[in-house]
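Shown next: structure.txt, given as compact mmCIF, C-alpha atoms.
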```
# COMPACT_ATOMS: atom_id res chain seq x y z
CA MET F 144 26.46 12.19 0.65
CA TYR F 145 27.28 9.26 -1.60
CA HIS F 146 25.20 6.94 -3.75
CA LEU F 147 25.28 3.16 -4.00
CA THR F 148 23.40 0.59 -6.05
CA ARG F 149 23.29 -3.09 -5.12
CA THR F 150 21.62 -6.27 -6.33
CA ALA F 151 20.35 -9.39 -4.58
CA ALA F 152 23.86 -10.87 -4.51
CA SER F 153 24.91 -8.45 -1.75
CA CYS F 154 21.97 -8.96 0.62
CA LYS F 155 23.29 -11.56 3.09
CA ALA F 156 23.07 -9.10 5.99
CA ALA F 157 19.39 -8.43 5.24
CA ALA F 158 18.48 -12.03 6.06
CA ALA F 159 20.24 -11.82 9.42
CA MET F 160 18.44 -8.59 10.29
CA ALA F 161 14.98 -9.93 9.35
CA SER F 162 14.76 -12.00 12.52
CA ARG F 163 15.43 -8.89 14.65
CA LEU F 164 12.50 -6.86 13.25
CA GLY F 165 8.93 -6.95 14.56
CA THR F 166 5.98 -7.44 12.24
CA PRO F 167 4.23 -4.12 11.54
CA ALA F 168 0.46 -3.73 11.33
CA VAL F 169 -0.69 -3.47 7.72
CA ALA F 170 -4.05 -2.85 6.02
CA THR F 171 -5.46 -5.77 4.04
CA ARG F 172 -6.40 -6.62 0.46
CA MET F 173 -7.46 -10.03 -0.91
CA VAL F 174 -5.39 -12.14 -3.34
CA SER F 175 -5.60 -15.70 -4.65
CA MET F 176 -6.03 -18.44 -2.01
CA ASP F 177 -3.13 -20.35 -3.60
CA SER F 178 -0.89 -17.36 -3.10
CA LEU F 179 1.96 -17.07 -0.64
CA LEU F 180 0.55 -13.65 0.15
CA THR F 181 -2.26 -13.73 2.66
CA ALA F 182 -4.95 -11.08 2.87
CA ALA F 183 -2.99 -9.47 5.70
CA ALA F 184 0.19 -9.29 3.59
CA ALA F 185 -1.13 -8.34 0.14
CA PRO F 186 0.59 -5.15 -1.03
CA PHE F 187 -1.14 -2.06 -2.36
CA PRO F 188 0.18 1.32 -3.61
CA GLY F 189 0.66 3.75 -0.75
CA GLN F 190 1.09 0.97 1.82
CA LYS F 191 3.82 1.76 4.35
CA LEU F 192 5.82 -0.63 6.50
CA THR F 193 7.85 0.74 9.39
CA SER F 194 10.26 -0.42 12.06
CA GLU F 195 12.78 1.07 14.46
CA HIS F 196 16.22 -0.07 15.52
CA ALA F 197 19.18 1.12 17.59
CA PHE F 198 22.45 -0.62 16.75
CA THR F 199 24.75 -1.81 19.53
CA LYS F 200 28.55 -2.01 19.62
CA ASP F 201 28.25 -5.80 19.52
CA GLU F 202 26.19 -5.63 16.31
CA LEU F 203 28.80 -3.35 14.69
CA ALA F 204 31.61 -5.69 15.73
CA ALA F 205 29.73 -8.73 14.36
CA TYR F 206 28.96 -6.94 11.09
CA SER F 207 32.61 -5.85 10.76
CA ARG F 208 33.73 -9.47 11.14
CA LEU F 209 31.06 -10.74 8.71
CA CYS F 210 31.62 -8.26 5.89
CA GLY F 211 35.33 -7.56 6.41
CA ASP F 212 34.92 -3.78 6.86
CA ARG F 213 37.61 -3.17 9.47
CA ASN F 214 37.46 0.64 9.41
CA PRO F 215 38.03 1.45 13.11
CA ILE F 216 35.49 4.33 13.13
CA HIS F 217 32.85 1.59 13.35
CA THR F 218 34.27 -0.30 16.33
CA GLN F 219 36.76 1.94 18.18
CA GLU F 220 35.48 5.08 19.85
CA GLU F 221 38.92 6.75 19.83
CA ALA F 222 39.21 6.27 16.06
CA ALA F 223 35.71 7.68 15.56
CA LYS F 224 36.61 10.73 17.68
CA CYS F 225 39.85 11.26 15.73
CA ALA F 226 37.72 11.26 12.55
CA GLY F 227 35.51 14.01 13.98
CA PHE F 228 32.60 11.94 15.32
CA ASP F 229 31.29 11.77 18.89
CA CYS F 230 31.24 7.97 18.96
CA CYS F 231 31.32 4.89 16.69
CA VAL F 232 29.54 5.24 13.34
CA VAL F 233 27.11 2.52 12.17
CA HIS F 234 28.09 1.00 8.82
CA GLY F 235 25.89 2.42 6.05
CA MET F 236 25.27 -1.00 4.54
CA LEU F 237 24.22 -2.38 7.92
CA GLN F 238 21.59 0.36 8.15
CA ALA F 239 20.55 -0.27 4.54
CA ALA F 240 20.07 -3.98 5.30
CA LEU F 241 17.02 -2.98 7.35
CA PHE F 242 15.04 -2.20 4.15
CA PRO F 243 15.04 -5.68 2.55
CA ALA F 244 14.74 -7.21 6.04
CA LEU F 245 11.54 -5.23 6.63
CA ILE F 246 10.17 -6.09 3.18
CA GLY F 247 11.06 -9.78 3.53
CA SER F 248 9.50 -10.00 6.98
CA ARG F 249 6.16 -8.88 5.55
CA PHE F 250 6.16 -10.47 2.07
CA PRO F 251 7.22 -14.15 2.26
CA GLY F 252 9.53 -15.25 -0.52
CA ALA F 253 10.41 -11.69 -1.58
CA ARG F 254 13.59 -11.57 -3.66
CA LEU F 255 15.44 -8.29 -3.91
CA ALA F 256 16.08 -7.42 -7.58
CA PHE F 257 17.40 -3.87 -7.27
CA GLU F 258 18.12 -1.32 -4.56
CA THR F 259 19.61 2.19 -4.48
CA PHE F 260 20.74 4.31 -1.53
CA ASN F 261 21.70 7.88 -0.84
CA PHE F 262 23.47 8.13 2.52
CA ARG F 263 22.62 11.58 3.91
CA ALA F 264 23.81 11.63 7.54
CA PRO F 265 25.76 9.35 9.90
CA VAL F 266 24.08 7.15 12.50
CA PHE F 267 25.86 6.47 15.78
CA VAL F 268 25.86 3.50 18.15
CA GLY F 269 22.73 3.51 20.30
CA GLU F 270 20.93 6.07 18.13
CA ARG F 271 17.36 4.98 17.32
CA ILE F 272 16.49 5.08 13.63
CA GLN F 273 13.07 4.82 12.00
CA VAL F 274 12.90 2.71 8.82
CA GLU F 275 10.07 3.09 6.31
CA VAL F 276 9.29 1.46 2.98
CA GLU F 277 6.33 2.58 0.88
CA VAL F 278 4.80 0.60 -1.98
CA LEU F 279 4.90 2.76 -5.12
CA LYS F 280 3.91 0.37 -7.90
CA ILE F 281 2.87 -3.26 -8.32
CA ASP F 282 3.07 -5.22 -11.58
CA ASN F 283 2.11 -8.82 -12.30
CA GLU F 284 4.99 -10.55 -14.09
CA ASN F 285 4.41 -14.23 -14.89
CA GLU F 286 3.98 -15.90 -11.50
CA ASN F 287 5.42 -13.00 -9.49
CA LEU F 288 4.46 -9.60 -8.22
CA ARG F 289 7.10 -7.01 -9.01
CA ILE F 290 6.85 -4.37 -6.29
CA GLU F 291 8.61 -1.00 -6.34
CA PHE F 292 9.28 0.70 -3.00
CA ASN F 293 10.42 4.09 -1.84
CA THR F 294 12.84 3.60 1.08
CA VAL F 295 13.71 6.13 3.80
CA CYS F 296 15.42 6.09 7.16
CA HIS F 297 15.32 8.91 9.73
CA LYS F 298 16.87 9.55 13.10
CA ASN F 299 15.48 11.84 15.77
CA GLU F 300 12.12 11.63 13.93
CA ASN F 301 13.05 14.13 11.20
CA ILE F 302 16.73 13.89 10.21
CA LEU F 303 17.03 12.03 6.91
CA VAL F 304 19.72 9.36 7.11
CA ILE F 305 19.10 7.28 3.95
CA ASP F 306 16.73 7.54 1.03
CA GLY F 307 16.41 5.39 -2.04
CA SER F 308 14.34 2.75 -3.76
CA ALA F 309 13.95 -1.00 -4.00
CA ILE F 310 12.35 -3.47 -6.39
CA VAL F 311 11.42 -6.95 -5.21
CA ASN F 312 9.82 -9.97 -6.85
CA VAL F 313 7.31 -11.88 -4.73
CA PRO F 314 6.09 -15.32 -5.85
CA LEU F 315 2.33 -15.68 -6.18
CA GLN F 316 2.23 -19.50 -6.05
CA LYS F 317 3.24 -21.76 -3.17
CA CYS F 318 6.20 -24.06 -3.76
CA ASN F 319 5.47 -27.80 -3.78
```
Here is the file; what I need is its structure written in the form of structure tokens.
Amino acid sequence: MYHLTRTAASCKAAAAMASRLGTPAVATRMVSMDSLLTAAAAPFPGQKLTSEHAFTKDELAAYSRLCGDRNPIHTQEEAAKCAGFDCCVVHGMLQAALFPALIGSRFPGARLAFETFNFRAPVFVGERIQVEVEVLKIDNENENLRIEFNTVCHKNENILVIDGSAIVNVPLQKCN
């Protein structure tokens, strides 16, 4: 296990992943009509957003090119086997990009302010993972909502892969 903290500056991959995620069903709560948040998207403590994804070899190769992580355990099966794995290992940061992608797909204009991860177990090419974010706390700060999330990712329904937290700022007013 290792621990990583990142800020909004390192979230380019999250934007690319947002288009690949479906929109989850969410309970509703009313907010201002001038708000970017609609009744269907208004956050509330305890609210959970979920998605699933299985990474392909092509996605790992593209991510390797994009971020510059050329460790062959991610793209070459022989290298992964020599390192003691059954097949190619999905980059931890690629998996972690699913959290802000899921949040951003549900809360328009969300800006990641802080995120932490604990990587608990490897994920392999083709392995389906379940991603979940849960709203813990919501604060009004000026013209933004500051939302704290608990973040978890599992494989095989019950094996913890990643856990951590995220804080995002969501604008309340539409831009002109």
Which one of F:Gln273, F:Asn299, F:Asn287, F:Gln219 sits closest to Phe242 in chain F if you count all atoms listed in the file?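 When distances to Phe242 in chain F are compared using all atoms listed in the file, the smallest one comes from F:Gln273.
Among the candidates F:Val266, F:Ala309, F:Leu279, F:Cys230, the residue lying nearest to Cys296 in chain F is F:Val266 (atoms considered: all atoms listed in the file).
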What does the distance from CA of Asn261 in chain F to CA of Pro314 in chain F come to in Å, to one decimal?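 These atoms are spaced 28.4 Å apart.
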Report, in Å with one decimal, the straight-line distance from CA of Gly211 in chain F to CA of Ala223 in chain F.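 One can read the CA of Gly211 in chain F to CA of Ala223 in chain F distance as 17.8 Å.
As for CA of Asp201 in chain F and CA of Phe260 in chain F, they are spaced 24.5 Å apart.
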Restricting to only C-alpha atoms, whichever of F:His234, F:Ala197, F:Phe187, F:Ile281 is closest to Pro215 in chain F is F:His234
Using only C-alpha atoms, pick whichever of F:Gly235, F:Pro243, F:Gly307, F:Gly227 has the shortest atom-to-atom distance to Thr193 in chain F. F:Pro243
Considering all atoms listed in the file, can you say which of F:Leu288, F:Val233, F:Pro186, F:Ile272 comes closest to Ala205 in chain F? F:Val233
Which residue, F:Phe267, F:Phe262, F:Phe250, F:Phe228, has the smallest gap to Phe198 in chain F when you use all atoms listed in the file?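 Result for the nearest residue to Phe198 in chain F: F:Phe267.
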Residues within 8 Å of Arg289 in chain F, please, as a PyMOL selection string. Count all atoms listed in the file; anything in the same chain fewer than 5 positions from it doesn't count. chain F and resi 281-284+310-313
Output requested as a PDB file, keeping the file's coordinate frame - range 250-261 of chain F, filled out with all heavy atoms.
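Writing the result to part-v9.pdb gives the following:
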```pdb
ATOM      1  N   PHE F 250       6.545  -9.806   3.316  1.00  0.00           N
ATOM      2  CA  PHE F 250       6.160 -10.470   2.070  1.00  0.00           C
ATOM      3  C   PHE F 250       6.999 -11.729   1.896  1.00  0.00           C
ATOM      4  O   PHE F 250       8.112 -11.679   1.381  1.00  0.00           O
ATOM      5  CB  PHE F 250       6.341  -9.523   0.875  1.00  0.00           C
ATOM      6  CG  PHE F 250       5.551  -8.248   0.999  1.00  0.00           C
ATOM      7  CD1 PHE F 250       6.180  -7.023   1.084  1.00  0.00           C
ATOM      8  CD2 PHE F 250       4.163  -8.267   1.039  1.00  0.00           C
ATOM      9  CE1 PHE F 250       5.459  -5.843   1.204  1.00  0.00           C
ATOM     10  CE2 PHE F 250       3.425  -7.103   1.167  1.00  0.00           C
ATOM     11  CZ  PHE F 250       4.075  -5.882   1.249  1.00  0.00           C
ATOM     12  N   PRO F 251       6.459 -12.894   2.318  1.00  0.00           N
ATOM     13  CA  PRO F 251       7.220 -14.150   2.260  1.00  0.00           C
ATOM     14  C   PRO F 251       7.704 -14.460   0.855  1.00  0.00           C
ATOM     15  O   PRO F 251       6.972 -14.307  -0.111  1.00  0.00           O
ATOM     16  CB  PRO F 251       6.193 -15.195   2.714  1.00  0.00           C
ATOM     17  CG  PRO F 251       5.173 -14.428   3.491  1.00  0.00           C
ATOM     18  CD  PRO F 251       5.111 -13.066   2.851  1.00  0.00           C
ATOM     19  N   GLY F 252       8.954 -14.878   0.764  1.00  0.00           N
ATOM     20  CA  GLY F 252       9.530 -15.250  -0.520  1.00  0.00           C
ATOM     21  C   GLY F 252      10.023 -14.084  -1.350  1.00  0.00           C
ATOM     22  O   GLY F 252      10.488 -14.281  -2.469  1.00  0.00           O
ATOM     23  N   ALA F 253       9.952 -12.869  -0.826  1.00  0.00           N
ATOM     24  CA  ALA F 253      10.410 -11.690  -1.580  1.00  0.00           C
ATOM     25  C   ALA F 253      11.883 -11.834  -1.926  1.00  0.00           C
ATOM     26  O   ALA F 253      12.692 -12.233  -1.090  1.00  0.00           O
ATOM     27  CB  ALA F 253      10.176 -10.416  -0.770  1.00  0.00           C
ATOM     28  N   ARG F 254      12.206 -11.523  -3.181  1.00  0.00           N
ATOM     29  CA  ARG F 254      13.590 -11.570  -3.660  1.00  0.00           C
ATOM     30  C   ARG F 254      13.964 -10.182  -4.151  1.00  0.00           C
ATOM     31  O   ARG F 254      13.342  -9.645  -5.061  1.00  0.00           O
ATOM     32  CB  ARG F 254      13.722 -12.591  -4.781  1.00  0.00           C
ATOM     33  CG  ARG F 254      13.393 -14.004  -4.337  1.00  0.00           C
ATOM     34  CD  ARG F 254      13.439 -15.014  -5.486  1.00  0.00           C
ATOM     35  NE  ARG F 254      12.757 -14.603  -6.694  1.00  0.00           N
ATOM     36  CZ  ARG F 254      11.463 -14.769  -6.953  1.00  0.00           C
ATOM     37  NH1 ARG F 254      10.676 -15.329  -6.073  1.00  0.00           N
ATOM     38  NH2 ARG F 254      10.954 -14.380  -8.100  1.00  0.00           N
ATOM     39  N   LEU F 255      14.987  -9.617  -3.547  1.00  0.00           N
ATOM     40  CA  LEU F 255      15.440  -8.290  -3.910  1.00  0.00           C
ATOM     41  C   LEU F 255      16.058  -8.326  -5.308  1.00  0.00           C
ATOM     42  O   LEU F 255      16.957  -9.112  -5.588  1.00  0.00           O
ATOM     43  CB  LEU F 255      16.470  -7.785  -2.898  1.00  0.00           C
ATOM     44  CG  LEU F 255      16.952  -6.360  -3.054  1.00  0.00           C
ATOM     45  CD1 LEU F 255      15.807  -5.369  -2.888  1.00  0.00           C
ATOM     46  CD2 LEU F 255      18.047  -6.068  -2.035  1.00  0.00           C
ATOM     47  N   ALA F 256      15.559  -7.492  -6.207  1.00  0.00           N
ATOM     48  CA  ALA F 256      16.080  -7.420  -7.580  1.00  0.00           C
ATOM     49  C   ALA F 256      16.966  -6.200  -7.778  1.00  0.00           C
ATOM     50  O   ALA F 256      17.906  -6.233  -8.568  1.00  0.00           O
ATOM     51  CB  ALA F 256      14.911  -7.379  -8.574  1.00  0.00           C
ATOM     52  N   PHE F 257      16.671  -5.115  -7.062  1.00  0.00           N
ATOM     53  CA  PHE F 257      17.400  -3.870  -7.270  1.00  0.00           C
ATOM     54  C   PHE F 257      17.182  -2.968  -6.057  1.00  0.00           C
ATOM     55  O   PHE F 257      16.100  -2.953  -5.471  1.00  0.00           O
ATOM     56  CB  PHE F 257      16.862  -3.166  -8.528  1.00  0.00           C
ATOM     57  CG  PHE F 257      17.572  -1.895  -8.879  1.00  0.00           C
ATOM     58  CD1 PHE F 257      18.793  -1.922  -9.535  1.00  0.00           C
ATOM     59  CD2 PHE F 257      17.015  -0.672  -8.553  1.00  0.00           C
ATOM     60  CE1 PHE F 257      19.444  -0.749  -9.862  1.00  0.00           C
ATOM     61  CE2 PHE F 257      17.661   0.508  -8.877  1.00  0.00           C
ATOM     62  CZ  PHE F 257      18.886   0.473  -9.542  1.00  0.00           C
ATOM     63  N   GLU F 258      18.241  -2.244  -5.676  1.00  0.00           N
ATOM     64  CA  GLU F 258      18.120  -1.320  -4.560  1.00  0.00           C
ATOM     65  C   GLU F 258      19.124  -0.183  -4.740  1.00  0.00           C
ATOM     66  O   GLU F 258      20.256  -0.418  -5.153  1.00  0.00           O
ATOM     67  CB  GLU F 258      18.386  -2.058  -3.249  1.00  0.00           C
ATOM     68  CG  GLU F 258      18.024  -1.285  -2.022  1.00  0.00           C
ATOM     69  CD  GLU F 258      18.020  -2.154  -0.765  1.00  0.00           C
ATOM     70  OE1 GLU F 258      18.602  -3.253  -0.775  1.00  0.00           O
ATOM     71  OE2 GLU F 258      17.433  -1.717   0.232  1.00  0.00           O
ATOM     72  N   THR F 259      18.703   1.038  -4.452  1.00  0.00           N
ATOM     73  CA  THR F 259      19.610   2.190  -4.480  1.00  0.00           C
ATOM     74  C   THR F 259      19.555   2.894  -3.128  1.00  0.00           C
ATOM     75  O   THR F 259      18.545   2.818  -2.425  1.00  0.00           O
ATOM     76  CB  THR F 259      19.230   3.220  -5.570  1.00  0.00           C
ATOM     77  OG1 THR F 259      17.944   3.754  -5.277  1.00  0.00           O
ATOM     78  CG2 THR F 259      19.237   2.590  -6.949  1.00  0.00           C
ATOM     79  N   PHE F 260      20.658   3.570  -2.787  1.00  0.00           N
ATOM     80  CA  PHE F 260      20.740   4.310  -1.530  1.00  0.00           C
ATOM     81  C   PHE F 260      21.412   5.656  -1.762  1.00  0.00           C
ATOM     82  O   PHE F 260      22.338   5.756  -2.551  1.00  0.00           O
ATOM     83  CB  PHE F 260      21.626   3.604  -0.501  1.00  0.00           C
ATOM     84  CG  PHE F 260      21.314   2.179  -0.282  1.00  0.00           C
ATOM     85  CD1 PHE F 260      22.181   1.202  -0.714  1.00  0.00           C
ATOM     86  CD2 PHE F 260      20.165   1.806   0.376  1.00  0.00           C
ATOM     87  CE1 PHE F 260      21.914  -0.122  -0.496  1.00  0.00           C
ATOM     88  CE2 PHE F 260      19.892   0.484   0.610  1.00  0.00           C
ATOM     89  CZ  PHE F 260      20.765  -0.487   0.169  1.00  0.00           C
ATOM     90  N   ASN F 261      20.979   6.632  -1.016  1.00  0.00           N
ATOM     91  CA  ASN F 261      21.700   7.880  -0.840  1.00  0.00           C
ATOM     92  C   ASN F 261      21.910   8.008   0.660  1.00  0.00           C
ATOM     93  O   ASN F 261      20.937   8.094   1.417  1.00  0.00           O
ATOM     94  CB  ASN F 261      20.886   9.079  -1.352  1.00  0.00           C
ATOM     95  CG  ASN F 261      20.666   9.003  -2.846  1.00  0.00           C
ATOM     96  OD1 ASN F 261      21.604   9.045  -3.613  1.00  0.00           O
ATOM     97  ND2 ASN F 261      19.413   8.869  -3.242  1.00  0.00           N
TER      98      ASN F 261
END
```
